[in-house]
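Visitor: Provided herewith: entry-v6.cif, mmCIF, C-alpha atoms and all ligand atoms.
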data_upload
#
loop_
_atom_site.label_atom_id
_atom_site.label_comp_id
_atom_site.auth_asym_id
_atom_site.auth_seq_id
_atom_site.Cartn_x
_atom_site.Cartn_y
_atom_site.Cartn_z
CA MET Q 1 0.00 0.00 0.00
CA ALA Q 2 1.30 3.48 -0.89
CA PRO Q 3 2.31 5.51 2.17
CA ILE Q 4 -0.02 8.23 3.43
CA TYR Q 5 1.47 11.59 4.32
CA SER Q 6 -0.08 14.64 5.98
CA ARG Q 7 0.14 18.03 4.25
CA ILE Q 8 -0.60 21.52 5.53
CA ILE Q 9 -3.18 22.87 3.09
CA ALA Q 10 -3.87 26.20 4.82
CA THR Q 11 -2.99 28.38 7.80
CA GLY Q 12 -4.76 31.03 9.91
CA SER Q 13 -4.06 33.14 12.97
CA ALA Q 14 -5.60 35.63 15.37
CA LEU Q 15 -4.27 38.24 17.77
CA PRO Q 16 -6.22 40.33 20.30
CA GLU Q 17 -6.79 43.94 19.26
CA ARG Q 18 -5.07 45.55 22.26
CA VAL Q 19 -1.36 46.19 21.75
CA VAL Q 20 0.92 46.94 24.70
CA SER Q 21 4.35 48.33 23.85
CA ASN Q 22 7.54 48.08 25.88
CA THR Q 23 7.15 51.77 26.68
CA ASP Q 24 3.69 51.04 28.12
CA LEU Q 25 5.30 48.45 30.43
CA GLU Q 26 7.85 51.02 31.65
CA LYS Q 27 4.88 52.62 33.44
CA ILE Q 28 4.03 49.40 35.31
CA VAL Q 29 7.39 47.85 36.28
CA ASP Q 30 11.04 48.93 36.58
CA THR Q 31 12.10 48.08 33.02
CA SER Q 32 13.01 49.82 29.77
CA ASP Q 33 12.25 49.43 26.09
CA GLU Q 34 16.01 49.17 25.52
CA TRP Q 35 16.44 46.29 28.05
CA ILE Q 36 13.52 44.31 26.64
CA ARG Q 37 14.58 44.81 23.00
CA THR Q 38 18.24 43.95 23.49
CA ARG Q 39 17.66 40.91 25.78
CA THR Q 40 14.66 39.44 23.95
CA GLY Q 41 13.93 41.16 20.61
CA ILE Q 42 10.38 41.93 21.82
CA ARG Q 43 8.86 45.33 20.94
CA GLN Q 44 5.19 44.76 21.74
CA ARG Q 45 2.63 42.13 22.70
CA HIS Q 46 -1.13 41.70 22.16
CA ILE Q 47 -3.25 41.26 25.28
CA ALA Q 48 -6.71 39.70 25.37
CA ALA Q 49 -9.59 41.98 26.37
CA ASP Q 50 -11.62 41.24 29.52
CA GLY Q 51 -13.77 38.23 28.70
CA GLU Q 52 -11.80 37.35 25.55
CA THR Q 53 -10.63 33.75 25.88
CA THR Q 54 -8.17 31.28 24.39
CA GLY Q 55 -11.17 29.65 22.69
CA ASP Q 56 -12.19 32.96 21.07
CA LEU Q 57 -8.72 33.38 19.54
CA ALA Q 58 -8.55 29.69 18.59
CA PHE Q 59 -11.97 29.90 16.90
CA LEU Q 60 -10.94 32.93 14.82
CA ALA Q 61 -7.62 31.37 13.76
CA ALA Q 62 -9.42 28.11 12.89
CA GLN Q 63 -12.09 29.89 10.84
CA ARG Q 64 -9.40 31.72 8.87
CA ALA Q 65 -7.50 28.48 8.19
CA LEU Q 66 -10.68 26.63 7.14
CA ASP Q 67 -11.73 29.51 4.84
CA GLU Q 68 -8.28 29.54 3.25
CA ALA Q 69 -8.43 25.76 2.80
CA GLY Q 70 -11.97 25.82 1.40
CA VAL Q 71 -12.77 23.06 3.89
CA LYS Q 72 -16.10 22.95 5.73
CA ALA Q 73 -15.98 22.31 9.49
CA SER Q 74 -18.27 19.31 8.93
CA GLU Q 75 -15.52 17.67 6.85
CA LEU Q 76 -13.07 17.57 9.80
CA ASP Q 77 -12.49 14.25 11.49
CA LEU Q 78 -10.18 15.50 14.26
CA ILE Q 79 -9.37 18.70 16.16
CA VAL Q 80 -6.19 18.84 18.28
CA LEU Q 81 -5.55 22.03 20.23
CA GLY Q 82 -2.32 22.85 22.04
CA THR Q 83 -2.84 25.11 25.05
CA THR Q 84 -1.76 25.60 28.62
CA THR Q 85 -4.44 28.26 29.25
CA PRO Q 86 -7.76 26.52 28.51
CA ASP Q 87 -10.98 28.56 28.80
CA ILE Q 88 -12.40 26.37 31.56
CA ILE Q 89 -11.34 23.14 33.29
CA PHE Q 90 -13.61 21.06 31.10
CA PRO Q 91 -14.82 20.53 28.45
CA SER Q 92 -11.55 20.98 26.61
CA THR Q 93 -11.06 24.13 24.55
CA ALA Q 94 -10.95 21.85 21.48
CA CYS Q 95 -14.55 20.80 22.26
CA LEU Q 96 -15.64 24.42 22.76
CA VAL Q 97 -14.10 25.41 19.41
CA GLN Q 98 -15.56 22.34 17.70
CA GLN Q 99 -19.08 23.35 18.76
CA ARG Q 100 -18.62 26.94 17.58
CA LEU Q 101 -17.29 25.78 14.22
CA GLY Q 102 -20.12 23.28 13.80
CA ALA Q 103 -17.79 20.29 13.52
CA ASN Q 104 -19.78 18.27 16.08
CA GLY Q 105 -19.07 14.55 16.12
CA CYS Q 106 -15.38 14.49 15.22
CA ALA Q 107 -12.77 13.67 17.88
CA ALA Q 108 -11.48 16.76 19.70
CA PHE Q 109 -8.96 17.13 22.51
CA ASP Q 110 -6.42 19.50 24.06
CA VAL Q 111 -2.70 18.87 24.47
CA ASN Q 112 -0.81 20.58 27.30
CA ALA Q 113 2.90 20.71 26.52
CA ALA Q 114 3.37 24.39 27.49
CA CYS Q 115 5.18 26.30 24.71
CA SER Q 116 5.57 23.08 22.68
CA GLY Q 117 1.79 22.54 22.64
CA PHE Q 118 1.26 23.26 18.94
CA MET Q 119 4.27 21.17 17.90
CA TYR Q 120 2.98 18.25 19.99
CA ALA Q 121 -0.51 18.71 18.48
CA LEU Q 122 0.95 18.73 14.96
CA GLY Q 123 3.00 15.57 15.62
CA ILE Q 124 -0.07 13.77 17.01
CA ALA Q 125 -2.27 14.88 14.09
CA ASP Q 126 0.39 13.71 11.61
CA LYS Q 127 0.30 10.26 13.19
CA PHE Q 128 -3.52 10.10 13.03
CA ILE Q 129 -3.33 10.85 9.30
CA ARG Q 130 -0.42 8.50 8.58
CA SER Q 131 -2.25 5.65 10.32
CA GLY Q 132 -5.27 6.16 8.06
CA GLN Q 133 -7.48 7.11 11.02
CA SER Q 134 -8.08 10.72 9.90
CA LYS Q 135 -8.21 12.55 6.57
CA LYS Q 136 -8.79 16.20 7.47
CA VAL Q 137 -7.49 17.54 10.77
CA LEU Q 138 -7.57 20.98 12.34
CA VAL Q 139 -4.49 21.68 14.48
CA ILE Q 140 -4.54 24.77 16.69
CA GLY Q 141 -2.12 26.44 19.09
CA ALA Q 142 -3.83 29.07 21.25
CA GLU Q 143 -3.08 30.88 24.50
CA THR Q 144 -4.04 33.72 26.78
CA LEU Q 145 -0.84 33.51 28.78
CA THR Q 146 -1.21 37.04 30.13
CA ARG Q 147 -4.00 35.67 32.36
CA MET Q 148 -1.30 34.05 34.51
CA ILE Q 149 1.26 36.81 34.61
CA ASP Q 150 2.30 38.63 37.75
CA TRP Q 151 2.43 42.22 36.50
CA ASN Q 152 4.77 43.10 39.39
CA ASP Q 153 7.41 40.60 38.22
CA ARG Q 154 9.55 42.35 35.63
CA GLU Q 155 11.48 39.15 34.91
CA THR Q 156 8.41 37.47 33.41
CA CYS Q 157 5.74 40.07 32.61
CA VAL Q 158 7.69 41.60 29.71
CA LEU Q 159 8.07 38.25 27.92
CA PHE Q 160 4.56 37.01 27.15
CA GLY Q 161 1.54 37.81 25.00
CA ASP Q 162 -1.73 36.28 23.77
CA GLY Q 163 -2.54 34.79 20.35
CA ALA Q 164 -3.48 31.77 18.28
CA GLY Q 165 -2.61 30.03 15.05
CA ALA Q 166 -4.10 27.09 13.18
CA VAL Q 167 -3.40 24.79 10.26
CA VAL Q 168 -5.59 22.41 8.26
CA LEU Q 169 -3.84 19.09 7.60
CA GLU Q 170 -4.97 16.72 4.86
CA ALA Q 171 -4.05 13.16 3.91
CA SER Q 172 -1.93 13.11 0.74
CA SER Q 173 0.07 10.71 -1.38
CA GLU Q 174 2.88 13.34 -1.46
CA PRO Q 175 4.83 14.66 1.56
CA GLY Q 176 3.91 16.68 3.51
CA ILE Q 177 5.41 16.26 6.86
CA HIS Q 178 8.69 14.35 6.56
CA ALA Q 179 9.42 13.93 10.26
CA THR Q 180 8.26 15.01 13.70
CA CYS Q 181 10.11 14.71 17.02
CA MET Q 182 8.74 15.09 20.55
CA HIS Q 183 10.49 15.01 23.92
CA ALA Q 184 9.99 15.94 27.57
CA ASP Q 185 12.00 15.97 30.78
CA GLY Q 186 9.93 16.61 33.89
CA GLY Q 187 13.14 16.82 35.91
CA TYR Q 188 13.29 20.48 34.90
CA LYS Q 189 9.76 21.31 36.06
CA GLU Q 190 10.76 23.91 38.64
CA LEU Q 191 12.69 26.10 36.17
CA LEU Q 192 9.49 27.19 34.42
CA TRP Q 193 6.10 26.46 35.94
CA ASN Q 194 2.82 27.57 37.40
CA PRO Q 195 2.61 25.33 40.46
CA VAL Q 196 -1.05 25.62 41.51
CA GLY Q 197 -4.15 23.88 40.19
CA VAL Q 198 -7.32 21.97 40.78
CA SER Q 199 -5.73 18.92 42.36
CA ALA Q 200 -2.67 20.51 43.99
CA GLY Q 201 -4.92 23.33 45.24
CA PHE Q 202 -4.91 27.10 44.81
CA LYS Q 203 -3.36 29.65 47.19
CA ASP Q 204 -4.76 32.46 49.28
CA GLU Q 205 -2.87 34.99 47.13
CA PRO Q 206 -3.82 37.45 44.39
CA ASN Q 207 -5.26 35.53 41.39
CA HIS Q 208 -5.30 32.39 43.62
CA GLY Q 209 -1.51 32.06 43.20
CA VAL Q 210 -1.86 31.48 39.43
CA ARG Q 211 1.34 32.93 37.99
CA ILE Q 212 4.29 31.91 35.85
CA LYS Q 213 7.52 31.33 37.77
CA MET Q 214 10.73 31.14 35.77
CA ALA Q 215 14.48 30.91 36.26
CA GLY Q 216 15.13 32.81 33.01
CA ARG Q 217 18.90 32.41 32.71
CA GLU Q 218 18.76 28.64 33.33
CA VAL Q 219 15.84 28.21 30.91
CA PHE Q 220 17.82 30.10 28.29
CA LYS Q 221 20.88 27.85 28.60
CA VAL Q 222 18.95 24.56 28.47
CA ALA Q 223 16.74 25.85 25.61
CA VAL Q 224 19.73 26.67 23.38
CA LYS Q 225 21.49 23.35 24.05
CA THR Q 226 18.33 21.29 23.66
CA LEU Q 227 17.24 23.01 20.44
CA ASP Q 228 20.70 22.41 18.94
CA ALA Q 229 20.26 18.68 19.53
CA LEU Q 230 16.64 18.78 18.35
CA VAL Q 231 17.40 20.29 14.94
CA ASP Q 232 20.16 17.69 14.40
CA GLU Q 233 17.75 14.89 15.36
CA THR Q 234 15.00 16.24 13.09
CA LEU Q 235 17.29 16.48 10.06
CA GLN Q 236 18.44 12.92 10.68
CA ALA Q 237 14.86 11.65 11.08
CA ALA Q 238 13.93 13.26 7.75
CA GLY Q 239 17.14 12.11 6.04
CA MET Q 240 17.94 15.69 5.06
CA GLN Q 241 20.82 18.19 5.28
CA ALA Q 242 20.60 21.65 6.84
CA SER Q 243 21.29 23.10 3.38
CA GLN Q 244 17.96 21.67 2.15
CA ILE Q 245 15.93 23.74 4.62
CA ASP Q 246 14.41 26.84 3.02
CA TRP Q 247 12.96 28.39 6.19
CA LEU Q 248 13.43 27.98 9.92
CA ILE Q 249 10.16 28.78 11.74
CA PRO Q 250 11.12 28.66 15.42
CA HIS Q 251 9.25 29.15 18.66
CA GLN Q 252 9.10 32.90 19.20
CA ALA Q 253 10.37 33.34 22.77
CA ASN Q 254 13.62 35.22 22.51
CA LEU Q 255 15.51 36.49 19.46
CA ARG Q 256 18.82 35.38 20.98
CA ILE Q 257 17.60 31.78 21.30
CA ILE Q 258 16.35 31.94 17.67
CA GLU Q 259 19.71 33.29 16.47
CA ALA Q 260 21.57 30.50 18.27
CA THR Q 261 19.47 27.83 16.51
CA ALA Q 262 19.94 29.54 13.13
CA LYS Q 263 23.69 29.54 13.72
CA ARG Q 264 23.64 25.82 14.49
CA LEU Q 265 21.95 25.27 11.10
CA ALA Q 266 24.29 27.77 9.39
CA MET Q 267 21.15 29.59 8.19
CA PRO Q 268 21.31 33.34 7.53
CA MET Q 269 18.67 35.29 9.48
CA GLU Q 270 17.01 36.22 6.14
CA ARG Q 271 15.79 32.60 6.05
CA VAL Q 272 14.45 32.63 9.59
CA ILE Q 273 10.89 33.78 10.34
CA VAL Q 274 10.90 36.22 13.26
CA THR Q 275 7.66 37.58 14.72
CA VAL Q 276 8.62 37.72 18.42
CA ASP Q 277 9.09 41.49 18.05
CA GLN Q 278 5.37 41.83 17.19
CA HIS Q 279 3.66 39.51 19.68
CA ALA Q 280 6.25 38.32 22.28
CA ASN Q 281 6.06 34.73 23.53
CA THR Q 282 2.55 33.38 22.88
CA SER Q 283 3.52 29.83 23.94
CA SER Q 284 1.50 27.33 21.84
CA GLY Q 285 0.33 30.17 19.60
CA SER Q 286 3.85 31.16 18.61
CA VAL Q 287 4.88 28.73 15.84
CA PRO Q 288 1.51 28.72 13.99
CA LEU Q 289 1.36 32.54 14.23
CA ALA Q 290 4.83 32.77 12.68
CA LEU Q 291 3.90 30.19 10.03
CA ASP Q 292 0.71 32.03 9.07
CA TYR Q 293 2.64 35.31 8.81
CA ALA Q 294 5.29 33.59 6.65
CA VAL Q 295 2.66 32.16 4.28
CA ARG Q 296 0.44 35.24 4.02
CA SER Q 297 3.38 37.61 3.51
CA GLY Q 298 4.46 35.46 0.55
CA LYS Q 299 7.82 34.53 2.09
CA VAL Q 300 7.07 30.80 2.27
CA GLN Q 301 6.19 29.25 -1.09
CA ARG Q 302 4.66 25.89 -1.95
CA GLY Q 303 7.29 23.17 -2.35
CA GLN Q 304 9.72 24.70 0.16
CA ASN Q 305 11.11 22.80 3.15
CA LEU Q 306 10.30 24.24 6.57
CA LEU Q 307 11.80 23.35 9.93
CA LEU Q 308 9.45 24.14 12.82
CA GLU Q 309 10.55 23.78 16.46
CA ALA Q 310 9.55 24.73 20.00
CA PHE Q 311 10.76 24.48 23.59
CA GLY Q 312 8.84 25.13 26.78
CA GLY Q 313 7.83 24.31 30.34
CA GLY Q 314 8.09 20.70 31.40
CA PHE Q 315 10.58 20.89 29.88
CA THR Q 316 9.08 19.87 26.56
CA TRP Q 317 10.58 20.22 23.10
CA ALA Q 318 9.30 19.19 19.68
CA SER Q 319 9.80 19.78 15.96
CA ALA Q 320 8.56 19.06 12.45
CA LEU Q 321 10.35 19.10 9.12
CA LEU Q 322 7.89 19.47 6.26
CA ARG Q 323 7.46 20.31 2.63
CA TYR Q 324 4.93 23.13 2.45
N1 LIG F 401 13.88 44.97 32.85
C1 LIG F 401 15.08 45.41 33.32
N2 LIG F 401 15.95 44.61 33.96
C2 LIG F 401 15.60 43.33 34.13
C3 LIG F 401 14.38 42.81 33.67
C4 LIG F 401 13.51 43.69 33.02
N3 LIG F 401 12.31 43.32 32.53
N4 LIG F 401 14.33 41.50 33.98
C5 LIG F 401 15.48 41.19 34.60
N5 LIG F 401 16.26 42.30 34.70
C6 LIG F 401 17.57 42.42 35.31
C7 LIG F 401 17.90 41.31 36.28
O1 LIG F 401 17.34 41.59 37.53
C8 LIG F 401 19.41 41.31 36.27
O2 LIG F 401 19.85 42.34 37.10
P1 LIG F 401 21.18 42.13 37.99
O3 LIG F 401 22.30 41.90 37.01
O4 LIG F 401 21.29 43.42 38.73
O5 LIG F 401 20.91 40.93 38.86
C9 LIG F 401 19.75 41.71 34.84
O6 LIG F 401 18.57 42.30 34.29
C10 LIG F 401 20.21 40.55 33.96
O7 LIG F 401 19.34 39.48 34.17
P2 LIG F 401 19.57 38.11 33.45
O8 LIG F 401 18.52 37.16 33.95
O9 LIG F 401 20.98 37.69 33.49
O10 LIG F 401 19.25 38.51 31.94
P3 LIG F 401 19.33 37.61 30.67
O11 LIG F 401 20.30 38.18 29.73
O12 LIG F 401 19.47 36.14 31.02
O13 LIG F 401 17.88 37.79 30.06
C11 LIG F 401 15.77 36.64 29.93
C12 LIG F 401 16.74 37.43 30.81
C13 LIG F 401 15.28 37.57 28.83
C14 LIG F 401 14.60 36.17 30.78
C15 LIG F 401 16.51 35.45 29.30
O14 LIG F 401 17.21 34.74 30.29
C16 LIG F 401 15.57 34.53 28.59
O15 LIG F 401 14.98 34.88 27.59
N6 LIG F 401 15.43 33.29 29.07
C17 LIG F 401 14.54 32.34 28.42
C18 LIG F 401 13.24 32.50 29.07
C19 LIG F 401 12.11 32.21 28.15
O16 LIG F 401 12.12 32.50 26.98
N7 LIG F 401 11.07 31.64 28.75
C20 LIG F 401 9.87 31.43 28.05
C21 LIG F 401 9.42 30.04 28.02
S1 LIG F 401 10.65 28.92 27.57
C22 LIG F 401 10.86 29.25 26.04
O17 LIG F 401 9.87 29.60 25.44
C23 LIG F 401 12.16 29.11 25.47
#
Rewrite the coordinates I just gave you, this time as structure tokens.
Guide:
Amino acid sequence: MAPIYSRIIATGSALPERVVSNTDLEKIVDTSDEWIRTRTGIRQRHIAADGETTGDLAFLAAQRALDEAGVKASELDLIVLGTTTPDIIFPSTACLVQQRLGANGCAAFDVNAACSGFMYALGIADKFIRSGQSKKVLVIGAETLTRMIDWNDRETCVLFGDGAGAVVLEASSEPGIHATCMHADGGYKELLWNPVGVSAGFKDEPNHGVRIKMAGREVFKVAVKTLDALVDETLQAAGMQASQIDWLIPHQANLRIIEATAKRLAMPMERVIVTVDQHANTSSGSVPLALDYAVRSGKVQRGQNLLLEAFGGGFTWASALLRY
């Protein structure tokens, strides 16, 4: 039997309307536009309005991807949504989005892999298609990370933003996704986490103790080292050379981490998609937002090879090498 591949047939994204610049943050915490730009590459972030949820952004991004694909929601046989900031505890945000799209009946679930959520979701969806289980899959990465930020903590509050991106994957006789890789190491959990919840309990603190805690310098070091190994592994899994990659579409957390990965691949920055300046770190939203920008701006063309990767809390890290 001929192999089945999964192909991205369309992309979509959504950002909240409200933009908060680095200069705006100078009024809230002891920071400066210069510090944020030089340490991270971030210039601004989008922040969800009161009442605007992860599901709202996911729904918009999904609608845009489905419109672009010319695929009706009723044709979907799976929705996988990467998020670490679901609207409510249950049902999953994937189920909430499914209902709003009118895709009722297909399988739908969330994946929590922190910033690697979309890459995990994409890897899972690829396997559903390759196994013959699914033919048309909606993969979403969506977050409202600013809901769990401590706006008094300058070490974290300048880094994050809200947003969502989506892709429609379809079964195809042509690749498609060549390879996906997924990893985790819970031994690093305390370097980047939000250690309260339903089962562990909440705290008698502002926002019930819900806030991101991060050892930034340590996260930075492990991220760079781990992503170096990940891109090597992904190339090997796909049987390709770095010189065959047309575009690197990395997790948008920090420009310096992105530059280090590009250097590892000997890729000039002109072939790296950078959007972190526009929307900061949107966790699971980051890679699909960057991909949608790359496609809609005309940078990425059909037939080109793209290397997508992410790293986040857990730690988790994951990648995909695909022909667009
Ligand atoms: N404004 C001004 N000064 C600040 C700020 C701020 N917002 N935040 C920290 N500083 C100060 C520190 O207090 C420190 O001061 P000190 O020297 O007097 O002690 C100084 O700046 C330098 O701090 P460092 O932590 O050494 O700065 P670094 O160059 O490591 O940059 C950063 C910090 C941006 C957090 C970096 O370590 C980083 O990006 N780490 C990765 C974190 C990340 O991206 N996490 C997201 C999830 S994981 C992922 O997506 C990869």
Visitor: List the neighbours of Val111 of chain Q out to 8 Å using all atoms listed in the file; skip same-chain residues closer than 3 positions along the sequence, and give me the result as a list of chain:residue names.
Guide: Q:Val80, Q:Leu81, Q:Gly82, Q:Thr83, Q:Thr84, Q:Gly117, Q:Tyr120, Q:Ala121
Visitor: Give the answer as one residue: which of Q:His46, Q:Arg323, Q:Arg18, Q:Lys299 has the shortest atom-to-atom distance to Ala179 of chain Q, using all atoms listed in the file?
Guide: Q:Arg323
Visitor: Let me make sure I understand: among Q:Ala215, Q:Leu66, Q:Gly303, Q:Lys203, which one has the smallest atom-to-atom distance to Ala103 of chain Q if we use only C-alpha atoms?
Guide: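 Closest to Ala103 of chain Q of all the choices is Q:Leu66.
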Visitor: What is the distance between atom CA of Lys213 of chain Q and atom CA of Pro195 of chain Q, in Å to one decimal?
Guide: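 Calculated distance between atom CA of Lys213 of chain Q and atom CA of Pro195 of chain Q is 8.2 Å.
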Visitor: Using all atoms listed in the file, which residues of chain Q come within 9 Å of ligand LIG 401 (chain F), and what is the closest atom pair for each, with the distance in Å to one decimal? Give it as a Markdown table, sorted by chain and residue number.
Guide:
| residue | atom | partner | partner_atom | distance |
| --- | --- | --- | --- | --- |
| Q:Leu25 | CA | F:LIG401 | N3 | 8.9 |
| Q:Glu26 | CA | F:LIG401 | N1 | 8.6 |
| Q:Val29 | CA | F:LIG401 | N3 | 7.7 |
| Q:Asp30 | CA | F:LIG401 | N1 | 6.1 |
| Q:Thr31 | CA | F:LIG401 | N1 | 3.6 |
| Q:Ser32 | CA | F:LIG401 | N1 | 5.8 |
| Q:Asp33 | CA | F:LIG401 | N1 | 8.3 |
| Q:Glu34 | CA | F:LIG401 | C1 | 8.7 |
| Q:Trp35 | CA | F:LIG401 | C1 | 5.5 |
| Q:Ile36 | CA | F:LIG401 | N3 | 6.1 |
| Q:Thr38 | CA | F:LIG401 | O11 | 8.7 |
| Q:Arg39 | CA | F:LIG401 | C13 | 5.1 |
| Q:Thr40 | CA | F:LIG401 | C13 | 5.3 |
| Q:Ala114 | CA | F:LIG401 | C21 | 8.3 |
| Q:Cys115 | CA | F:LIG401 | O17 | 5.8 |
| Q:Ser116 | CA | F:LIG401 | O17 | 8.3 |
| Q:Asp153 | CA | F:LIG401 | N3 | 8.0 |
| Q:Arg154 | CA | F:LIG401 | N3 | 4.3 |
| Q:Glu155 | CA | F:LIG401 | N4 | 3.8 |
| Q:Thr156 | CA | F:LIG401 | C14 | 6.9 |
| Q:Cys157 | CA | F:LIG401 | N3 | 7.3 |
| Q:Val158 | CA | F:LIG401 | N3 | 5.7 |
| Q:Leu159 | CA | F:LIG401 | C20 | 7.1 |
| Q:Phe160 | CA | F:LIG401 | C20 | 7.8 |
| Q:Leu192 | CA | F:LIG401 | C21 | 7.0 |
| Q:Met214 | CA | F:LIG401 | N7 | 7.0 |
| Q:Ala215 | CA | F:LIG401 | C18 | 7.5 |
| Q:Gly216 | CA | F:LIG401 | O14 | 3.9 |
| Q:Arg217 | CA | F:LIG401 | O14 | 3.8 |
| Q:Glu218 | CA | F:LIG401 | O14 | 7.0 |
| Q:Val219 | CA | F:LIG401 | C17 | 5.0 |
| Q:Phe220 | CA | F:LIG401 | C17 | 4.0 |
| Q:Lys221 | CA | F:LIG401 | N6 | 7.7 |
| Q:Val222 | CA | F:LIG401 | C23 | 8.7 |
| Q:Ala223 | CA | F:LIG401 | C23 | 5.6 |
| Q:Val224 | CA | F:LIG401 | C23 | 8.2 |
| Q:His251 | CA | F:LIG401 | O17 | 6.8 |
| Q:Gln252 | CA | F:LIG401 | O17 | 7.1 |
| Q:Ala253 | CA | F:LIG401 | O17 | 4.6 |
| Q:Asn254 | CA | F:LIG401 | O15 | 5.3 |
| Q:Leu255 | CA | F:LIG401 | O15 | 8.3 |
| Q:Arg256 | CA | F:LIG401 | O15 | 7.7 |
| Q:Ile257 | CA | F:LIG401 | C23 | 7.4 |
| Q:Asn281 | CA | F:LIG401 | O17 | 6.7 |
| Q:Thr282 | CA | F:LIG401 | O17 | 8.6 |
| Q:Ser283 | CA | F:LIG401 | O17 | 6.5 |
| Q:Ala310 | CA | F:LIG401 | O17 | 7.3 |
| Q:Phe311 | CA | F:LIG401 | C23 | 5.2 |
| Q:Gly312 | CA | F:LIG401 | S1 | 4.3 |
| Q:Gly313 | CA | F:LIG401 | S1 | 6.1 |
| Q:Phe315 | CA | F:LIG401 | S1 | 8.4 |
Visitor: Go through Q:Gln98, Q:Ser131, Q:Ser199, Q:Asn104 one by one, measure the shortest atom-to-atom distance of each to Phe59 of chain Q using all atoms listed in the file, and give the residue with the smallest value.
Guide: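 When distances to Phe59 of chain Q are compared using all atoms listed in the file, the smallest one comes from Q:Gln98.
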Visitor: Which residues are near Thr275 of chain Q? Cut-off 9 Å, all atoms listed in the file, ignore same chain within fewer than 6 positions. Put them as number ranges by chain.
Guide: Q: 42, 252, 286, 289-290, 293
Visitor: With N, CA, C and O atoms retained, output segment 27-38 of chain Q as an mmCIF file, in the first residue's frame.
Guide:
data_model
loop_
_atom_site.group_PDB
_atom_site.id
_atom_site.type_symbol
_atom_site.label_atom_id
_atom_site.label_comp_id
_atom_site.auth_asym_id
_atom_site.auth_seq_id
_atom_site.Cartn_x
_atom_site.Cartn_y
_atom_site.Cartn_z
ATOM 1 N N LYS Q 27 5.725 51.913 32.455
ATOM 2 C CA LYS Q 27 4.876 52.620 33.440
ATOM 3 C C LYS Q 27 4.401 51.681 34.543
ATOM 4 O O LYS Q 27 3.877 52.124 35.557
ATOM 5 N N ILE Q 28 4.553 50.371 34.334
ATOM 6 C CA ILE Q 28 4.034 49.398 35.312
ATOM 7 C C ILE Q 28 5.148 48.810 36.175
ATOM 8 O O ILE Q 28 5.005 48.628 37.375
ATOM 9 N N VAL Q 29 6.278 48.454 35.540
ATOM 10 C CA VAL Q 29 7.395 47.853 36.284
ATOM 11 C C VAL Q 29 8.704 48.574 35.954
ATOM 12 O O VAL Q 29 8.781 49.315 34.959
ATOM 13 N N ASP Q 30 9.731 48.288 36.765
ATOM 14 C CA ASP Q 30 11.038 48.929 36.576
ATOM 15 C C ASP Q 30 11.765 48.226 35.422
ATOM 16 O O ASP Q 30 12.542 47.288 35.629
ATOM 17 N N THR Q 31 11.475 48.667 34.203
ATOM 18 C CA THR Q 31 12.102 48.078 33.023
ATOM 19 C C THR Q 31 12.293 49.182 31.987
ATOM 20 O O THR Q 31 11.949 50.337 32.228
ATOM 21 N N SER Q 32 12.859 48.825 30.829
ATOM 22 C CA SER Q 32 13.007 49.820 29.771
ATOM 23 C C SER Q 32 12.847 49.142 28.417
ATOM 24 O O SER Q 32 13.129 47.947 28.274
ATOM 25 N N ASP Q 33 12.387 49.930 27.469
ATOM 26 C CA ASP Q 33 12.250 49.429 26.093
ATOM 27 C C ASP Q 33 13.593 48.864 25.622
ATOM 28 O O ASP Q 33 13.662 47.786 25.024
ATOM 29 N N GLU Q 34 14.667 49.583 25.954
ATOM 30 C CA GLU Q 34 16.012 49.170 25.520
ATOM 31 C C GLU Q 34 16.378 47.796 26.099
ATOM 32 O O GLU Q 34 16.853 46.919 25.387
ATOM 33 N N TRP Q 35 16.107 47.585 27.420
ATOM 34 C CA TRP Q 35 16.439 46.290 28.053
ATOM 35 C C TRP Q 35 15.655 45.178 27.370
ATOM 36 O O TRP Q 35 16.209 44.146 27.007
ATOM 37 N N ILE Q 36 14.362 45.386 27.204
ATOM 38 C CA ILE Q 36 13.518 44.313 26.644
ATOM 39 C C ILE Q 36 13.957 43.997 25.211
ATOM 40 O O ILE Q 36 14.105 42.831 24.832
ATOM 41 N N ARG Q 37 14.188 45.035 24.412
ATOM 42 C CA ARG Q 37 14.576 44.807 23.002
ATOM 43 C C ARG Q 37 15.917 44.090 22.901
ATOM 44 O O ARG Q 37 16.059 43.143 22.136
ATOM 45 N N THR Q 38 16.913 44.545 23.665
ATOM 46 C CA THR Q 38 18.240 43.950 23.491
ATOM 47 C C THR Q 38 18.337 42.539 24.080
ATOM 48 O O THR Q 38 19.054 41.697 23.558
#
